[in-house]
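S.K.: Sharing coords20.txt, compact mmCIF, C-alpha atoms:
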# COMPACT_ATOMS: atom_id res chain seq x y z
CA MET F 12 7.16 70.40 24.84
CA LYS F 13 9.19 71.78 27.74
CA LYS F 14 11.57 69.44 29.58
CA ILE F 15 11.81 69.29 33.36
CA TYR F 16 14.61 67.34 34.97
CA ILE F 17 14.15 66.30 38.59
CA VAL F 18 17.44 65.93 40.49
CA ILE F 19 17.33 63.86 43.68
CA LEU F 20 20.44 63.42 45.81
CA ASN F 21 20.84 60.25 47.86
CA TYR F 22 23.30 59.56 50.64
CA ASN F 23 22.57 56.50 52.79
CA GLY F 24 18.86 57.17 52.46
CA GLU F 25 17.55 54.48 50.15
CA LYS F 26 14.27 53.93 52.00
CA ASP F 27 13.37 57.63 51.90
CA THR F 28 14.54 57.90 48.30
CA LYS F 29 12.34 55.03 47.19
CA GLU F 30 9.33 56.53 48.96
CA CYS F 31 10.05 59.86 47.27
CA LEU F 32 10.25 58.21 43.84
CA ASP F 33 7.06 56.27 44.51
CA SER F 34 5.22 59.51 45.30
CA LEU F 35 6.54 61.07 42.08
CA LEU F 36 4.96 58.28 40.02
CA THR F 37 1.56 59.91 40.54
CA ILE F 38 2.45 63.45 39.42
CA ASN F 39 0.55 65.33 36.76
CA LYS F 40 2.84 65.91 33.74
CA LYS F 41 0.41 67.86 31.57
CA GLY F 42 2.32 70.20 29.25
CA PHE F 43 5.87 69.01 29.99
CA SER F 44 8.06 65.93 29.99
CA VAL F 45 9.91 64.61 33.02
CA ASN F 46 13.33 63.02 33.37
CA THR F 47 14.63 62.05 36.80
CA LEU F 48 18.26 61.92 37.83
CA LEU F 49 19.01 60.06 41.05
CA VAL F 50 22.51 61.06 42.11
CA ASP F 51 23.99 58.73 44.71
CA ASN F 52 26.66 60.59 46.69
CA ASN F 53 28.89 57.55 47.32
CA SER F 54 26.61 55.93 49.92
CA ASP F 55 28.11 53.31 52.20
CA LYS F 56 26.01 50.67 50.46
CA LYS F 57 25.10 50.63 46.78
CA ILE F 58 21.44 51.45 46.29
CA SER F 59 19.23 48.64 45.04
CA ILE F 60 16.70 50.90 43.28
CA GLU F 61 16.23 49.83 39.66
CA GLU F 62 15.81 52.27 36.79
CA LYS F 63 13.32 49.93 35.11
CA ASP F 64 10.93 50.27 38.06
CA TYR F 65 10.51 53.97 37.33
CA LYS F 66 10.16 54.13 33.56
CA ASP F 67 7.36 56.68 33.87
CA LEU F 68 9.88 59.03 35.47
CA ASN F 69 12.62 58.27 32.91
CA LEU F 70 14.89 57.49 35.85
CA GLU F 71 18.65 57.49 35.45
CA ILE F 72 20.97 56.68 38.34
CA ILE F 73 24.33 58.44 38.62
CA ASN F 74 26.89 57.05 41.08
CA ASN F 75 29.43 59.57 42.36
CA SER F 76 32.85 58.19 43.28
CA LYS F 77 32.91 60.30 46.46
CA ASN F 78 30.56 62.35 48.63
CA LEU F 79 30.43 65.77 46.99
CA GLY F 80 28.02 67.24 49.53
CA PHE F 81 24.68 68.84 48.75
CA SER F 82 26.16 71.44 46.42
CA GLY F 83 28.55 69.24 44.47
CA GLY F 84 26.19 66.28 44.28
CA ASN F 85 23.35 68.36 42.92
CA ASN F 86 25.69 70.10 40.49
CA VAL F 87 26.46 66.71 38.92
CA GLY F 88 22.76 66.26 38.26
CA ILE F 89 22.25 69.84 37.10
CA ARG F 90 25.02 69.60 34.51
CA LYS F 91 23.61 66.33 33.22
CA ALA F 92 20.15 67.88 33.01
CA LEU F 93 21.32 70.90 31.05
CA LYS F 94 23.21 68.68 28.62
CA GLY F 95 19.97 66.77 28.16
CA GLY F 96 18.15 69.92 27.11
CA ALA F 97 16.37 70.80 30.37
CA ASP F 98 14.22 73.93 30.34
CA TYR F 99 13.84 73.64 34.11
CA VAL F 100 15.66 71.75 36.84
CA LEU F 101 13.80 70.76 39.98
CA LEU F 102 16.03 70.10 42.99
CA LEU F 103 14.15 67.80 45.37
CA ASN F 104 15.29 66.35 48.68
CA ASN F 105 15.13 62.58 48.83
CA ASP F 106 13.29 62.75 52.18
CA THR F 107 10.18 64.34 50.68
CA LEU F 108 6.76 63.20 49.52
CA VAL F 109 4.91 65.16 46.86
CA GLU F 110 1.34 66.13 46.06
CA GLN F 111 0.10 65.09 42.63
CA ASP F 112 -0.04 68.57 41.07
CA PHE F 113 2.92 70.21 42.83
CA LEU F 114 5.19 70.20 39.78
CA LEU F 115 2.45 71.33 37.41
CA LYS F 116 1.72 74.28 39.71
CA LEU F 117 5.39 75.31 39.90
CA PHE F 118 5.85 74.87 36.16
CA SER F 119 2.68 76.76 35.20
CA PHE F 120 3.51 79.68 37.48
CA SER F 121 7.05 79.91 36.08
CA GLU F 122 5.82 79.75 32.50
CA GLU F 123 3.34 82.55 33.14
CA ASN F 124 5.92 84.76 34.86
CA LYS F 125 9.06 84.93 32.78
CA LYS F 126 11.05 87.02 35.28
CA VAL F 127 10.70 84.27 37.88
CA GLY F 128 13.99 82.43 38.02
CA ILE F 129 13.18 80.16 40.97
CA ALA F 130 9.86 79.00 42.39
CA VAL F 131 9.27 77.09 45.62
CA PRO F 132 6.28 75.18 47.02
CA LYS F 133 4.60 75.19 50.41
CA ILE F 134 6.38 72.54 52.47
CA TYR F 135 4.76 70.73 55.38
CA PHE F 136 6.41 68.49 57.93
CA ALA F 137 5.73 64.87 57.06
CA LYS F 138 3.59 63.25 59.73
CA GLY F 139 5.68 62.39 62.77
CA TYR F 140 8.62 64.63 61.81
CA GLU F 141 7.44 67.84 63.46
CA PHE F 142 9.84 69.73 65.74
CA HIS F 143 7.25 69.76 68.55
CA LYS F 144 5.43 66.46 68.29
CA ASP F 145 3.28 66.93 71.41
CA ARG F 146 1.92 70.29 70.32
CA TYR F 147 -0.54 69.12 67.68
CA LYS F 148 -3.84 67.30 67.41
CA LYS F 149 -3.95 64.16 65.31
CA GLU F 150 -5.94 65.95 62.62
CA ASP F 151 -3.24 68.66 62.41
CA LEU F 152 -0.54 66.24 61.30
CA GLY F 153 0.46 66.67 57.69
CA LYS F 154 -0.65 70.31 57.82
CA VAL F 155 2.13 71.69 60.04
CA ILE F 156 4.21 74.15 58.03
CA TRP F 157 7.95 73.67 57.58
CA TYR F 158 8.42 76.39 54.93
CA ALA F 159 6.07 79.00 53.49
CA GLY F 160 8.77 81.25 52.09
CA GLY F 161 11.91 82.55 53.76
CA ILE F 162 13.18 85.75 55.35
CA ILE F 163 16.83 86.60 55.91
CA ASP F 164 17.51 88.55 59.10
CA TRP F 165 20.49 90.51 57.84
CA ARG F 166 21.20 92.01 61.23
CA ASN F 167 21.93 88.58 62.70
CA ILE F 168 22.68 86.70 59.43
CA ILE F 169 20.03 84.07 60.04
CA GLY F 170 17.47 82.71 57.63
CA HIS F 171 13.96 82.07 58.96
CA HIS F 172 11.23 79.90 57.46
CA ILE F 173 7.95 81.76 57.35
CA GLY F 174 5.15 79.91 59.12
CA VAL F 175 7.34 77.19 60.60
CA ASP F 176 5.59 75.08 63.28
CA GLU F 177 2.20 76.67 62.54
CA VAL F 178 -0.80 74.54 61.59
CA ASP F 179 -1.87 75.76 58.16
CA ASN F 180 -5.06 77.81 58.47
CA GLY F 181 -4.84 79.56 55.11
CA ARG F 182 -2.69 82.44 56.32
CA TYR F 183 0.05 81.60 53.81
CA ASP F 184 -2.09 80.95 50.75
CA ASN F 185 -0.96 83.97 48.72
CA VAL F 186 1.75 83.89 46.08
CA SER F 187 4.61 86.06 47.32
CA GLU F 188 8.18 87.00 46.58
CA THR F 189 10.62 85.45 49.05
CA ASP F 190 14.13 86.21 50.27
CA PHE F 191 15.46 82.73 49.68
CA ALA F 192 14.40 79.46 48.12
CA SER F 193 14.72 76.26 50.13
CA GLY F 194 17.05 73.64 48.67
CA CYS F 195 14.52 71.09 49.88
CA CYS F 196 12.51 71.80 46.73
CA MET F 197 12.97 74.48 44.12
CA ILE F 198 12.40 74.69 40.39
CA ILE F 199 15.05 76.69 38.56
CA ARG F 200 14.79 78.09 35.05
CA LYS F 201 17.71 77.09 32.79
CA GLU F 202 18.53 80.74 32.15
CA VAL F 203 19.50 81.13 35.81
CA PHE F 204 22.24 78.52 35.42
CA GLU F 205 23.33 80.08 32.15
CA LYS F 206 23.73 83.47 33.82
CA ILE F 207 25.09 82.71 37.31
CA GLY F 208 26.37 79.13 37.11
CA PHE F 209 25.90 76.38 39.67
CA LEU F 210 25.68 75.91 43.43
CA ASP F 211 28.81 77.09 45.24
CA GLU F 212 30.65 73.91 46.25
CA ARG F 213 32.54 75.63 49.04
CA TYR F 214 29.38 75.35 51.13
CA PHE F 215 29.14 71.55 50.77
CA LEU F 216 26.09 71.53 53.06
CA TYR F 217 23.87 74.34 54.44
CA TYR F 218 23.52 77.95 53.23
CA GLU F 219 24.14 76.95 49.61
CA ASP F 220 20.47 77.64 48.80
CA SER F 221 20.62 81.10 50.42
CA ASP F 222 23.81 81.88 48.52
CA TYR F 223 22.25 80.76 45.24
CA SER F 224 19.13 82.80 45.95
CA ILE F 225 21.10 85.99 46.56
CA ARG F 226 23.15 85.44 43.42
CA ALA F 227 20.00 84.89 41.37
CA LYS F 228 18.38 88.05 42.73
CA LYS F 229 21.50 90.10 42.04
CA ALA F 230 21.36 88.83 38.44
CA GLY F 231 17.81 90.14 38.05
CA PHE F 232 15.73 87.01 38.68
CA ASN F 233 12.77 86.88 41.06
CA ILE F 234 12.12 84.10 43.58
CA TYR F 235 8.51 83.25 44.38
CA PHE F 236 6.63 81.12 46.88
CA VAL F 237 3.77 79.23 45.19
CA PRO F 238 1.45 77.94 47.95
CA THR F 239 -0.79 75.83 45.72
CA ALA F 240 2.21 73.56 45.12
CA VAL F 241 2.58 71.27 48.15
CA ILE F 242 5.10 68.70 49.39
CA TRP F 243 5.96 67.07 52.75
CA HIS F 244 9.44 66.92 54.31
CA LYS F 245 10.88 64.38 56.73
CA ASN F 246 12.93 67.07 58.42
CA ALA F 247 16.68 66.43 58.94
CA GLY F 248 16.35 62.96 57.50
CA SER F 249 19.94 62.77 56.27
CA THR F 250 21.98 65.04 58.54
CA GLY F 251 21.61 63.51 61.98
CA GLY F 252 19.03 65.97 63.24
CA SER F 253 19.20 69.34 64.91
CA GLY F 254 22.29 70.03 67.02
CA SER F 255 24.44 67.30 65.47
CA ASP F 256 28.19 67.66 64.98
CA LEU F 257 27.51 67.90 61.26
CA GLN F 258 25.25 70.90 61.75
CA ASP F 259 27.59 72.50 64.30
CA TYR F 260 30.45 72.40 61.82
CA TYR F 261 28.78 73.41 58.57
CA ILE F 262 26.36 75.99 59.95
CA THR F 263 29.18 77.72 61.85
CA ARG F 264 31.57 77.73 58.91
CA ASN F 265 29.03 78.53 56.20
CA ARG F 266 27.21 81.25 58.11
CA LEU F 267 30.53 83.05 58.34
CA LEU F 268 31.14 82.52 54.63
CA PHE F 269 27.66 83.71 53.64
CA GLY F 270 27.39 86.61 56.07
CA LEU F 271 30.81 88.08 55.36
CA GLN F 272 30.10 87.98 51.64
CA TYR F 273 26.61 89.47 51.59
CA GLY F 274 25.83 91.07 54.97
CA PRO F 275 25.88 94.79 55.81
CA ILE F 276 29.03 96.19 57.44
CA LYS F 277 27.67 96.26 61.02
CA SER F 278 26.54 92.66 60.73
CA LYS F 279 29.89 91.59 59.32
CA THR F 280 31.66 93.13 62.31
CA ALA F 281 29.36 91.38 64.77
CA LEU F 282 29.69 88.09 62.88
CA LEU F 283 33.47 88.26 62.99
CA ARG F 284 33.31 88.74 66.75
CA GLU F 285 30.96 85.79 67.06
CA GLY F 286 33.27 83.66 64.91
CA LEU F 287 36.20 84.48 67.19
CA ARG F 288 34.09 83.65 70.26
CA LEU F 289 33.13 80.26 68.80
CA LEU F 290 36.75 79.65 67.91
CA ILE F 291 37.63 79.95 71.61
CA ASN F 292 34.51 78.87 73.51
CA GLY F 293 32.32 77.00 71.05
CA ARG F 294 31.47 73.31 71.02
CA PRO F 295 34.20 71.16 69.43
CA MET F 296 32.78 71.18 65.90
CA GLN F 297 31.83 74.86 66.14
CA LYS F 298 35.47 75.58 66.97
CA LYS F 299 36.57 73.52 64.00
CA GLY F 300 34.07 75.20 61.69
CA ALA F 301 35.21 78.68 62.75
CA ARG F 302 38.86 77.70 62.48
CA ASP F 303 38.44 76.28 59.00
CA PHE F 304 36.64 79.41 57.84
CA PHE F 305 39.40 81.70 59.08
CA LEU F 306 42.02 79.42 57.50
CA ARG F 307 39.94 79.36 54.28
CA LYS F 308 39.75 75.57 54.38
CA PHE F 309 36.66 74.44 52.52
CA TYR F 310 36.94 70.68 52.52
CA GLN F 311 35.22 68.77 49.75
CA GLY F 312 34.80 65.65 51.81
CA ASN F 313 34.20 64.28 55.30
CA VAL F 314 35.53 66.89 57.72
CA PHE F 315 35.32 64.41 60.56
CA ASN F 316 38.18 62.47 59.03
CA GLU F 317 40.40 65.53 59.08
CA SER F 318 42.85 65.94 61.92
CA ASN F 319 42.14 68.60 64.50
Represent the supplied structure as structure tokens.
M.R.:
Amino acid sequence: MKKIYIVILNYNGEKDTKECLDSLLTINKKGFSVNTLLVDNNSDKKISIEEKDYKDLNLEIINNSKNLGFSGGNNVGIRKALKGGADYVLLLNNDTLVEQDFLLKLFSFSEENKKVGIAVPKIYFAKGYEFHKDRYKKEDLGKVIWYAGGIIDWRNIIGHHIGVDEVDNGRYDNVSETDFASGCCMIIRKEVFEKIGFLDERYFLYYEDSDYSIRAKKAGFNIYFVPTAVIWHKNAGSTGGSGSDLQDYYITRNRLLFGLQYGPIKSKTALLREGLRLLINGRPMQKKGARDFFLRKFYQGNVFNESN
């Protein structure tokens, strides 16, 4: 029987994490076994979740001694999973809720398509977490798309979620290859890790999933969107929301890192100019993000504790 390890990263999000685990208790595990690794990224307060309460998920809690970011924290879980004999690793945000058959659908599709290295579900906004809360009817809630595959605009070095903010009307019900997998939820075949390694810890937060997707594709693996697999996301539940200092810093720094590694020459030139503009005229944490990129400073910790 194939083994799937679910890796969930927690940082000061115990309530969301517990709700995520509770939703996982109902999943269909036909044809595979499940082990769950809850990696706590040195939260301010020790989590009170008990392993014994989630025996059906074979829950194991790992406590990191410091915040390793999204990349480093998940890598701790991934390494543990592979040592445990995982055939697949599912990375799942702690601020998600899952549909009963989502994992079975991702697993079955991957088993039937051996060249698929990574598969991703259709992701809706959880009710009340939409970007534009006044736009929708009550009956639309829970069916507003957050991610139905991804496209990378290489001219501007920006990743776009297909279907975002649209009420699902069946338009995105076809299986399709996608430019990048969302780190919110993706199932990864063990052979991908064996061939290209782990998430790049320089990113810490943001763009690590795009980087990993490009590396997987370059190594010959396909990435597919599987719309019959469904989850819900409490958007920006752990990063302070859109436009926060955290986002200003990491998106600025990591977009430069990603774009200058993978983008076409014209885009790299434009991105360098933009980085220099942000260095001079950006918001405070955009300036810091640009500066740290140009100085090749990729902190593995809280950048807000670093001196300016």
S.K.: Separation of CA of Tyr22 (chain F) and CA of Ser54 (chain F), in Å?
M.R.: 5.0 Å
S.K.: Give the answer as one residue: which of F:Asp220, F:Glu25, F:Asp211, F:Glu110 has the shortest atom-to-atom distance to Pro132 (chain F), using only C-alpha atoms?
M.R.: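 Result for the nearest residue to Pro132 (chain F): F:Glu110.
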S.K.: Which residue, F:Leu290, F:Ile19, F:Ile38, F:Val45, has the smallest gap to Gly88 (chain F) when you use only C-alpha atoms?
M.R.: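 Distance minimum relative to Gly88 (chain F) lands on F:Ile19.
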S.K.: Give me, as a ChimeraX atom specification, all polymer residues having an atom no more than 9 Å from region 183-193 of chain F, counting only C-alpha atoms and skipping those fewer than 4 positions away in the same chain.
M.R.: /F:129-131,133,158-163,170,172-174,179,197,220-225,228,233-239
S.K.: What gap, in Å, lies between CA of Lys13 (chain F) and CA of Gly80 (chain F)?
M.R.: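 Here the two named atoms are 29.2 Å from each other.
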S.K.: Smallest atom-to-atom distance to Ile89 (chain F): which of F:Thr47, F:Asn69, F:Asn124, F:Asn39, using all atoms listed in the file?
M.R.: F:Thr47
S.K.: Rounded to one decimal place, report the CA of Gly96 (chain F)-CA of Arg213 (chain F) distance in Å.
M.R.: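 CA of Gly96 (chain F) sits 26.8 Å away from CA of Arg213 (chain F).
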S.K.: Give the answer as one residue: which of F:Val50, F:Leu32, F:Ile168, F:Ile58 has the shortest atom-to-atom distance to Ile276 (chain F), using all atoms listed in the file?
M.R.: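 Of F:Val50, F:Leu32, F:Ile168, F:Ile58, the one nearest Ile276 (chain F), counting all atoms listed in the file, is F:Ile168.
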S.K.: Show which residues sit within 9 Å of Leu271 (chain F), as a PyMOL selection string. Count all atoms listed in the file, and ignore same-chain residues fewer than 4 positions away.
M.R.: chain F and resi 266-267+275-276+278-280+282-283
S.K.: Which residue, F:Arg226, F:Lys201, F:Arg307, F:Lys298, has the smallest gap to Arg90 (chain F) when you use only C-alpha atoms?
M.R.: F:Lys201
S.K.: I'd like the contact shell of Ser34 (chain F) - 12 Å cut-off, all atoms listed in the file, skipping same-chain residues fewer than 6 positions apart - returned as a ChimeraX atom specification.
M.R.: /F:27-28,65,67-68,105-113,242-243
S.K.: Would you pick out the contacts of Leu93 (chain F) at 10 Å or less, using all atoms listed in the file, so that residues sharing its chain but fewer than 5 positions from it are not included, and give the list as a count of residues only?
M.R.: 10
S.K.: Name all residues at most 9 Å from Asn52 (chain F) (count all atoms listed in the file; drop same-chain ones fewer than 3 positions away) and give them as a PDB file with C-alpha atoms, in the coordinates of the input.
M.R.:
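Below is the file result-v2.pdb, written as the result:
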ATOM      1  CA  LEU F  20      20.440  63.420  45.810  1.00  0.00           C
ATOM      2  CA  ASN F  21      20.840  60.250  47.860  1.00  0.00           C
ATOM      3  CA  TYR F  22      23.300  59.560  50.640  1.00  0.00           C
ATOM      4  CA  ASN F  23      22.570  56.500  52.790  1.00  0.00           C
ATOM      5  CA  ILE F  73      24.330  58.440  38.620  1.00  0.00           C
ATOM      6  CA  ASN F  74      26.890  57.050  41.080  1.00  0.00           C
ATOM      7  CA  ASN F  75      29.430  59.570  42.360  1.00  0.00           C
ATOM      8  CA  SER F  76      32.850  58.190  43.280  1.00  0.00           C
ATOM      9  CA  LYS F  77      32.910  60.300  46.460  1.00  0.00           C
ATOM     10  CA  ASN F  78      30.560  62.350  48.630  1.00  0.00           C
ATOM     11  CA  LEU F  79      30.430  65.770  46.990  1.00  0.00           C
ATOM     12  CA  GLY F  80      28.020  67.240  49.530  1.00  0.00           C
ATOM     13  CA  PHE F  81      24.680  68.840  48.750  1.00  0.00           C
ATOM     14  CA  GLY F  84      26.190  66.280  44.280  1.00  0.00           C
TER      15      GLY F  84
END
S.K.: Taking into account only C-alpha atoms, which residue in the set F:Lys94, F:Leu306, F:Ile291, F:Gly270 is nearest to Asp164 (chain F)?
M.R.: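 Smallest separation from Asp164 (chain F) among the options: F:Gly270.
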